[in-house]
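Text of model38.cif (mmCIF, C-alpha atoms) as supplied:
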data_data
#
loop_
_atom_site.label_atom_id
_atom_site.label_comp_id
_atom_site.auth_asym_id
_atom_site.auth_seq_id
_atom_site.Cartn_x
_atom_site.Cartn_y
_atom_site.Cartn_z
CA MET N 1 13.58 27.87 -30.63
CA ILE N 2 11.66 28.43 -27.43
CA GLU N 3 12.84 29.29 -23.93
CA VAL N 4 11.69 26.98 -21.15
CA THR N 5 12.73 27.05 -17.51
CA ILE N 6 13.39 23.52 -16.29
CA ASN N 7 14.19 22.98 -12.62
CA GLY N 8 15.25 26.58 -12.34
CA GLU N 9 17.48 26.67 -15.41
CA VAL N 10 16.54 28.40 -18.65
CA GLN N 11 16.94 26.10 -21.63
CA GLN N 12 16.62 26.69 -25.37
CA LEU N 13 14.46 23.97 -26.89
CA PRO N 14 13.15 23.43 -30.40
CA ALA N 15 9.57 24.45 -31.03
CA ASN N 16 6.95 21.72 -31.45
CA LEU N 17 8.52 19.55 -28.76
CA SER N 18 6.27 17.51 -26.55
CA LEU N 19 7.04 16.98 -22.88
CA GLY N 20 7.04 13.23 -23.50
CA GLN N 21 9.59 13.59 -26.30
CA TRP N 22 11.82 15.88 -24.26
CA LEU N 23 11.82 13.44 -21.32
CA ALA N 24 12.63 10.55 -23.69
CA ASP N 25 15.51 12.57 -25.20
CA GLN N 26 16.90 13.06 -21.69
CA GLY N 27 16.74 9.33 -21.01
CA LEU N 28 13.99 9.99 -18.46
CA GLY N 29 11.13 8.40 -20.40
CA ASN N 30 10.80 5.42 -18.09
CA ARG N 31 11.84 7.06 -14.86
CA ARG N 32 9.54 7.48 -11.92
CA LEU N 33 9.07 11.22 -11.74
CA ALA N 34 6.39 13.84 -11.46
CA VAL N 35 6.09 17.03 -13.45
CA GLU N 36 4.63 20.41 -12.63
CA LEU N 37 4.04 22.82 -15.50
CA ASN N 38 3.48 26.42 -14.43
CA ARG N 39 2.55 25.19 -10.93
CA GLN N 40 0.04 22.60 -12.20
CA VAL N 41 0.79 18.90 -11.77
CA ILE N 42 0.63 17.17 -15.15
CA PRO N 43 -0.61 13.56 -15.16
CA ARG N 44 1.84 11.21 -16.87
CA SER N 45 -0.79 10.26 -19.44
CA GLN N 46 -0.69 13.82 -20.81
CA PHE N 47 3.08 13.95 -21.42
CA PRO N 48 3.00 12.83 -25.09
CA ALA N 49 0.41 15.38 -26.19
CA LEU N 50 1.67 18.30 -24.12
CA TYR N 51 3.67 20.71 -26.29
CA LEU N 52 6.00 23.10 -24.51
CA GLN N 53 5.55 26.83 -25.01
CA SER N 54 8.04 29.63 -24.68
CA GLY N 55 8.03 30.91 -21.10
CA ASP N 56 6.88 27.62 -19.61
CA ASN N 57 8.19 26.73 -16.20
CA LEU N 58 8.75 23.03 -15.54
CA GLU N 59 9.57 21.35 -12.26
CA ILE N 60 10.58 17.71 -12.57
CA VAL N 61 10.86 15.87 -9.29
CA HIS N 62 11.64 12.39 -8.03
CA ALA N 63 11.84 10.44 -4.80
CA ILE N 64 15.01 10.82 -2.75
CA GLY N 65 16.15 9.64 0.66
CA GLY N 66 14.58 11.56 3.52
CA GLY N 67 13.00 11.12 6.93
CA MET D 1 -2.42 -26.11 30.30
CA THR D 2 -0.16 -23.89 28.21
CA LEU D 3 -0.04 -20.14 28.49
CA ALA D 4 0.74 -18.73 25.08
CA THR D 5 2.25 -15.29 24.69
CA PRO D 6 -0.72 -13.11 23.76
CA LEU D 7 -0.66 -11.58 20.30
CA ASP D 8 -0.75 -7.88 19.59
CA ASP D 9 -3.29 -6.12 17.40
CA PRO D 10 -2.01 -4.63 14.17
CA LEU D 11 -1.33 -0.94 13.82
CA ILE D 12 -4.14 0.48 11.71
CA ILE D 13 -3.59 3.72 9.81
CA ALA D 14 -6.38 5.01 7.58
CA GLY D 15 -7.88 1.52 7.46
CA GLN D 16 -4.65 -0.22 6.48
CA SER D 17 -3.10 -2.81 8.83
CA PHE D 18 0.57 -3.02 9.68
CA LYS D 19 2.42 -5.58 11.77
CA SER D 20 5.42 -3.32 12.30
CA ARG D 21 5.15 -0.32 14.58
CA LEU D 22 8.49 1.08 13.49
CA LEU D 23 8.42 3.55 10.62
CA VAL D 24 11.71 4.56 9.06
CA GLY D 25 13.14 7.28 6.85
CA THR D 26 15.64 6.90 4.06
CA GLY D 27 17.87 9.95 4.51
CA HIS D 28 21.60 10.12 5.38
CA TYR D 29 22.57 6.66 4.11
CA ALA D 30 25.83 6.09 2.27
CA ASP D 31 24.07 4.53 -0.71
CA LEU D 32 20.91 2.73 -1.75
CA ALA D 33 22.31 -0.68 -0.78
CA GLU D 34 22.77 0.50 2.81
CA THR D 35 19.33 2.11 2.77
CA GLN D 36 17.78 -1.14 1.63
CA ALA D 37 19.69 -3.25 4.17
CA ALA D 38 18.75 -0.95 7.05
CA VAL D 39 15.08 -0.83 6.05
CA THR D 40 15.06 -4.63 5.82
CA ALA D 41 16.73 -5.00 9.23
CA SER D 42 14.20 -2.60 10.75
CA ALA D 43 11.29 -4.71 9.38
CA ALA D 44 9.47 -1.41 8.82
CA GLN D 45 6.53 -1.52 6.46
CA ILE D 46 6.03 2.24 6.20
CA VAL D 47 9.02 4.06 4.73
CA THR D 48 9.34 7.81 4.28
CA PHE D 49 11.11 9.67 1.52
CA ALA D 50 11.51 13.23 0.27
CA VAL D 51 10.55 14.84 -3.05
CA ARG D 52 13.27 16.83 -4.78
CA ARG D 53 14.24 18.07 -8.21
CA SER D 54 15.52 15.44 -10.61
CA ASN D 55 19.07 15.87 -11.84
CA ILE D 56 18.48 16.83 -15.44
CA GLY D 57 21.33 16.07 -17.81
CA GLN D 58 23.12 13.77 -15.39
CA ASP D 59 23.24 10.00 -15.45
CA ALA D 60 19.66 9.09 -16.26
CA GLN D 61 20.34 5.44 -15.50
CA ALA D 62 21.47 6.08 -11.91
CA PRO D 63 19.42 3.91 -9.55
CA ASN D 64 16.43 5.58 -7.97
CA LEU D 65 15.23 5.29 -4.38
CA LEU D 66 11.99 3.70 -5.60
CA ASP D 67 14.02 0.92 -7.25
CA ALA D 68 15.57 0.04 -3.87
CA ILE D 69 12.39 0.60 -1.81
CA ALA D 70 9.78 -0.67 -4.24
CA PRO D 71 6.21 0.62 -3.84
CA GLN D 72 4.85 -2.92 -4.23
CA HIS D 73 6.71 -4.07 -1.10
CA PHE D 74 6.35 -1.06 1.20
CA THR D 75 3.83 1.59 2.06
CA LEU D 76 5.68 4.66 0.91
CA LEU D 77 5.19 7.83 2.84
CA PRO D 78 6.27 10.97 0.99
CA ASN D 79 7.16 13.80 3.33
CA THR D 80 7.05 17.55 2.98
CA ALA D 81 10.45 18.08 4.58
CA GLY D 82 11.96 21.41 3.65
CA CYS D 83 8.57 23.13 3.43
CA TYR D 84 8.06 26.28 5.51
CA THR D 85 4.58 27.22 4.27
CA ALA D 86 1.27 25.42 3.87
CA ARG D 87 1.35 26.31 0.18
CA ASP D 88 4.67 24.56 -0.42
CA ALA D 89 3.58 21.53 1.60
CA VAL D 90 0.38 21.12 -0.41
CA ARG D 91 2.32 21.54 -3.65
CA THR D 92 4.79 18.86 -2.58
CA CYS D 93 1.98 16.45 -1.69
CA LEU D 94 0.28 16.95 -5.05
CA LEU D 95 3.55 16.09 -6.82
CA ALA D 96 4.10 13.10 -4.54
CA ARG D 97 0.63 11.78 -5.31
CA GLU D 98 1.40 11.90 -9.01
CA LEU D 99 4.80 10.30 -8.40
CA LEU D 100 3.16 7.35 -6.65
CA ASP D 101 0.24 6.92 -9.08
CA GLY D 102 -2.44 8.36 -6.84
CA HIS D 103 -1.22 7.03 -3.49
CA ASP D 104 -2.61 9.55 -1.02
CA LEU D 105 -0.95 8.82 2.34
CA VAL D 106 1.45 11.64 3.18
CA LYS D 107 3.61 12.83 6.03
CA LEU D 108 2.93 16.51 6.54
CA GLU D 109 5.65 18.55 8.16
CA VAL D 110 5.82 22.32 7.93
CA LEU D 111 8.91 23.67 9.60
CA GLY D 112 9.21 26.95 11.47
CA ASP D 113 12.94 27.60 11.34
CA SER D 114 16.06 25.85 10.17
CA GLN D 115 17.80 25.89 13.54
CA THR D 116 15.30 23.92 15.60
CA LEU D 117 13.30 22.37 12.72
CA TYR D 118 10.39 22.90 15.07
CA PRO D 119 7.00 22.63 13.37
CA ASP D 120 5.18 25.84 12.41
CA ILE D 121 1.80 25.00 13.89
CA THR D 122 -0.18 27.75 12.17
CA GLU D 123 1.00 26.62 8.74
CA THR D 124 0.68 22.95 9.72
CA LEU D 125 -2.99 23.42 10.64
CA ALA D 126 -3.67 25.30 7.38
CA ALA D 127 -1.90 22.65 5.30
CA ALA D 128 -3.68 19.79 7.09
CA ARG D 129 -7.05 21.36 6.39
CA GLN D 130 -6.30 21.81 2.69
CA LEU D 131 -4.79 18.35 2.27
CA VAL D 132 -7.76 16.63 3.91
CA GLU D 133 -10.06 18.57 1.58
CA LEU D 134 -7.98 17.41 -1.38
CA GLY D 135 -8.49 13.79 -0.31
CA PHE D 136 -5.10 13.12 1.24
CA LYS D 137 -4.64 10.87 4.24
CA VAL D 138 -2.47 13.03 6.43
CA MET D 139 0.00 11.78 9.01
CA VAL D 140 1.08 14.98 10.68
CA TYR D 141 4.33 15.94 12.36
CA THR D 142 3.58 18.31 15.21
CA SER D 143 4.78 19.65 18.52
CA ASP D 144 4.01 17.78 21.73
CA ASP D 145 1.13 20.15 22.53
CA PRO D 146 -1.94 18.03 23.43
CA LEU D 147 -4.42 20.71 22.33
CA ILE D 148 -2.85 21.08 18.90
CA ALA D 149 -2.84 17.31 18.57
CA ARG D 150 -6.56 17.33 19.19
CA ARG D 151 -7.12 20.10 16.65
CA LEU D 152 -5.21 18.16 14.02
CA GLU D 153 -7.26 15.06 14.75
CA GLU D 154 -10.48 17.09 14.45
CA LEU D 155 -9.32 18.31 11.05
CA GLY D 156 -9.21 14.69 9.91
CA CYS D 157 -5.54 13.72 10.16
CA VAL D 158 -5.13 9.93 10.21
CA ALA D 159 -2.14 9.89 12.57
CA ILE D 160 -0.72 12.41 15.02
CA MET D 161 3.06 12.46 15.11
CA PRO D 162 4.44 14.57 17.95
CA LEU D 163 8.17 15.14 18.20
CA GLY D 164 10.11 13.58 21.07
CA ALA D 165 12.83 16.20 20.52
CA PRO D 166 13.98 18.25 17.50
CA ILE D 167 14.49 16.39 14.23
CA GLY D 168 17.92 14.81 14.05
CA SER D 169 18.83 15.79 17.63
CA GLY D 170 18.79 12.31 19.16
CA LEU D 171 17.82 13.84 22.51
CA GLY D 172 15.11 11.28 23.25
CA ILE D 173 11.60 11.81 24.59
CA ARG D 174 11.98 15.17 26.33
CA ASN D 175 8.43 15.53 27.55
CA PRO D 176 6.97 12.11 28.24
CA TYR D 177 4.02 13.58 30.13
CA ASN D 178 2.83 15.52 27.10
CA ILE D 179 3.23 12.48 24.86
CA ARG D 180 1.18 10.55 27.40
CA LEU D 181 -1.55 13.21 27.36
CA ILE D 182 -1.68 13.12 23.56
CA VAL D 183 -1.96 9.33 23.59
CA GLU D 184 -4.74 9.38 26.17
CA ASN D 185 -6.81 11.89 24.20
CA ALA D 186 -6.30 10.57 20.68
CA LYS D 187 -8.58 8.24 18.74
CA VAL D 188 -6.16 7.98 15.82
CA PRO D 189 -2.67 6.44 16.07
CA VAL D 190 -0.02 8.50 17.84
CA ILE D 191 3.47 8.02 16.47
CA VAL D 192 6.51 9.71 17.96
CA ASP D 193 8.31 11.29 15.05
CA ALA D 194 11.76 12.76 15.62
CA GLY D 195 14.09 12.92 18.58
CA VAL D 196 14.79 9.25 19.18
CA GLY D 197 18.52 8.67 19.63
CA THR D 198 18.89 5.09 20.67
CA ALA D 199 16.90 1.93 21.35
CA SER D 200 15.82 2.85 24.89
CA ASP D 201 14.23 6.08 23.56
CA ALA D 202 12.11 4.04 21.16
CA ALA D 203 11.13 1.68 23.96
CA ILE D 204 10.14 4.62 26.19
CA ALA D 205 7.90 6.03 23.44
CA MET D 206 6.16 2.70 23.10
CA GLU D 207 5.88 2.20 26.88
CA LEU D 208 4.07 5.55 27.02
CA GLY D 209 1.41 3.95 24.85
CA CYS D 210 2.36 5.37 21.48
CA ASP D 211 1.17 3.32 18.55
CA GLY D 212 4.47 3.56 16.73
CA VAL D 213 7.76 5.38 16.32
CA LEU D 214 9.12 7.05 13.19
CA MET D 215 12.85 7.61 12.95
CA ASN D 216 15.63 8.16 10.47
CA THR D 217 18.79 9.72 11.88
CA ALA D 218 19.03 7.45 14.93
CA ILE D 219 19.51 4.52 12.56
CA ALA D 220 21.32 6.17 9.67
CA ARG D 221 23.85 8.05 11.82
CA ALA D 222 24.65 5.13 14.11
CA ARG D 223 28.15 3.71 13.71
CA GLU D 224 26.55 0.55 12.33
CA PRO D 225 23.22 1.58 10.83
CA ILE D 226 22.05 -1.90 9.90
CA ARG D 227 22.67 -3.22 13.41
CA MET D 228 20.93 -0.18 14.89
CA ALA D 229 17.94 -0.81 12.61
CA SER D 230 17.69 -4.26 14.15
CA ALA D 231 18.03 -2.79 17.66
CA MET D 232 15.21 -0.35 16.96
CA ARG D 233 12.97 -3.11 15.63
CA GLN D 234 13.46 -5.02 18.88
CA ALA D 235 13.12 -1.92 21.07
CA VAL D 236 9.80 -0.98 19.51
CA CYS D 237 8.53 -4.54 19.99
CA ALA D 238 9.82 -4.68 23.57
CA GLY D 239 8.35 -1.30 24.48
CA ARG D 240 5.01 -2.24 22.97
CA GLU D 241 4.91 -5.55 24.83
CA ALA D 242 5.83 -3.84 28.09
CA TYR D 243 3.06 -1.29 27.57
CA LEU D 244 0.50 -4.03 26.91
CA ALA D 245 1.77 -6.10 29.83
CA GLY D 246 1.51 -3.14 32.22
CA ARG D 247 4.49 -2.33 34.36
CA MET D 248 4.68 -3.20 38.05
CA PRO D 249 4.03 -0.43 40.54
CA ARG D 250 7.08 1.49 41.67
CA ARG D 251 8.05 1.30 45.36
CA LEU D 252 10.82 2.92 47.30
CA ASP D 253 11.73 -0.06 49.49
CA GLY D 254 12.97 -3.43 48.45
CA ASP D 255 10.62 -6.38 48.20
CA ALA D 256 12.29 -9.79 48.25
CA SER D 257 11.45 -12.08 45.33
CA SER D 258 12.37 -15.23 47.25
CA PRO D 259 10.00 -16.40 50.03
CA LEU D 260 10.91 -15.51 53.58
CA GLY D 261 9.23 -18.65 54.93
CA GLY D 262 11.31 -21.84 55.03
CA LEU D 263 14.56 -20.07 55.73
CA PHE D 264 16.92 -22.57 57.42
CA LEU D 265 19.58 -20.16 58.61
#
Using structure tokens, write down the structure from this file.
Amino acid sequence: MIEVTINGEVQQLPANLSLGQWLADQGLGNRRLAVELNRQVIPRSQFPALYLQSGDNLEIVHAIGGG
Amino acid sequence: MTLATPLDDPLIIAGQSFKSRLLVGTGHYADLAETQAAVTASAAQIVTFAVRRSNIGQDAQAPNLLDAIAPQHFTLLPNTAGCYTARDAVRTCLLARELLDGHDLVKLEVLGDSQTLYPDITETLAAARQLVELGFKVMVYTSDDPLIARRLEELGCVAIMPLGAPIGSGLGIRNPYNIRLIVENAKVPVIVDAGVGTASDAAIAMELGCDGVLMNTAIARAREPIRMASAMRQAVCAGREAYLAGRMPRRLDGDASSPLGGLFL
């Protein structure tokens, strides 16, 4: 298992898990969102081949009502 | 001979043309259906939204703002609301650009404190400089200081958006003379952003010569938001037309509209 912080919460995830797979498992595979990994924006095209590492910090954001 | 009502020019922001001069936000609505109905009633073409953390582990099928306000129908304007530093604002814009597949028009706002929501100008200038360098087209929320407006324009911002009054206050255009000075000096569109409370406020902003008005709370917190969205659409049009038409000079004494000659009394 690896420890990854996702939107501020520490989660235990299996090793060898790609970001694309994790998002699909969450039902977020087709959602409009943007991802920052360790403060770097990750283009959507890189999700499938990006494997999470222990200690990674993910921010997953979406559009919400605002002025 | 017929005298047609003259047509207005479009609002042009960063080379893109818009018929509507009313820009609206999407905050405070009861649900996405109300958001959509209000945006439709406003006839706005530029619609702002915020960027926030996704709810992980909750209903992944819950409708998303971008389903209701589809990017193919509107020019979406991500904002940096909630940012208090240039660093956070730039970070938010980079995420927004990825969220919208490379769309690079952003509304920059860097706040100074949570009580007044007044813009932090030092951080705003720093963020504007960085965002322009990163290729963003920056519409910038700022104070009604004409010199700062000029600085922001010199940095390459594509629209200057002075406040009429604090965000969400509904106090109207508190310093019309400063707004006027900003309009007179600017070569990019000037859009009053924040402070409008009701339709007459929007009309006043447009009569001052502003190129547009951006609002959220005045519509969303009205008793009937959808009706207020319609009122704002008409107020912005009316104010714009009045500005183009040029108001009559003021005078202290009365001046009869009916001829004095031909009186039979």
To test your reading of the syntax: which residues would the PyMOL selection byres ((chain D) within 8 of (chain N)) return for the file shown? Reply as a PyMOL selection string. chain D and resi 24-29+48-54+56-57+60-61+64-66+79+81+94-96+98-99+215-217
Just the residues within 6 Å of Glu3 (chain N), please, counting only C-alpha atoms, with nothing from its chain fewer than 5 positions along; format it as a PDB file with C-alpha atoms, in the frame of the given file.
ATOM      1  CA  GLN N  11      16.940  26.100 -21.630  1.00  0.00           C
ATOM      2  CA  GLN N  12      16.620  26.690 -25.370  1.00  0.00           C
ATOM      3  CA  SER N  54       8.040  29.630 -24.680  1.00  0.00           C
ATOM      4  CA  GLY N  55       8.030  30.910 -21.100  1.00  0.00           C
TER       5      GLY N  55
END
Would you compute the distance between CA of Ala229 (chain D) and CA of Val39 (chain D)? Give it in Å to one decimal. 7.2 Å
Applying 12 Å and only C-alpha atoms, which residues near region 119-131 of chain D remain after dropping the ones on its own chain fewer than 6 positions away? List them as number ranges by chain. D: 80-94, 97, 104-113, 137-145, 147-163, 165-167, 193-194
Could you please determine the separation between CA of Gln45 (chain D) and CA of Arg21 (chain D) in Å, to one decimal place?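 CA of Gln45 (chain D) sits 8.3 Å away from CA of Arg21 (chain D).
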Taking into account all atoms listed in the file, which residue in the set D:Glu241, D:Pro63, D:Phe136, D:Ile179 is nearest to Ala33 (chain D)? D:Pro63
Could you list, as a PyMOL selection string, every residue within 12 Å of Glu224 (chain D), counting all atoms listed in the file and ignoring same-chain residues fewer than 5 positions away? chain D and resi 29-30+34+37-38+41+218-219+229-231
Once you have the residues from the selection above, write them out as a short mmCIF file (atom, residue, chain, number, x, y, z; two decimals), in the frame of the given file, restricted to C-alpha atoms.
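So out.cif came out as:
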data_model
loop_
_atom_site.label_atom_id
_atom_site.label_comp_id
_atom_site.auth_asym_id
_atom_site.auth_seq_id
_atom_site.Cartn_x
_atom_site.Cartn_y
_atom_site.Cartn_z
CA TYR D 29 22.57 6.66 4.11
CA ALA D 30 25.83 6.09 2.27
CA GLU D 34 22.77 0.50 2.81
CA ALA D 37 19.69 -3.25 4.17
CA ALA D 38 18.75 -0.95 7.05
CA ALA D 41 16.73 -5.00 9.23
CA ALA D 218 19.03 7.45 14.93
CA ILE D 219 19.51 4.52 12.56
CA ALA D 229 17.94 -0.81 12.61
CA SER D 230 17.69 -4.26 14.15
CA ALA D 231 18.03 -2.79 17.66
#
Measure the distance from CA of Leu208 (chain D) to CA of Met248 (chain D) in Å and round it to one decimal.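 Computing it gives 14.1 Å between the two atoms.
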Which neighbours of Ala242 (chain D) fall inside 10 Å, counting all atoms listed in the file, when residues of the same chain fewer than 6 positions from it are skipped, and could you give them as a list in words? Ala203, Ile204, Met206, Glu207, Leu208, Gly209 and Val236 of chain D
Pro10 (chain D) environment, 7 Å, only C-alpha atoms, sequence neighbours closer than 5 positions dropped, as JSON, numbers by chain: {"D": [17, 18, 19]}
Restricted to C-alpha atoms, what would the selected residues look like written as a PDB file, in the frame of the given file?
ATOM      1  CA  SER D  17      -3.100  -2.810   8.830  1.00  0.00           C
ATOM      2  CA  PHE D  18       0.570  -3.020   9.680  1.00  0.00           C
ATOM      3  CA  LYS D  19       2.420  -5.580  11.770  1.00  0.00           C
TER       4      LYS D  19
END
Protein and nucleic acid residues near (14.2, 26.2, -31.2) (cut-off 6 Å, all atoms listed in the file) as a list in words: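 Residues with an atom close enough to that point: Met1, Ile2, Leu13, Pro14 and Ala15 of chain N.
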The PyMOL selection byres ((chain N and resi 20) around 8) on the file shown: which residues, as an MDAnalysis selection string? chainID N and resid 18:19 21:24 29 47:50
For Gly164 (chain D), the closest of D:Thr35, D:Asn178, D:Ser20, D:Thr5 counting all atoms listed in the file is D:Asn178
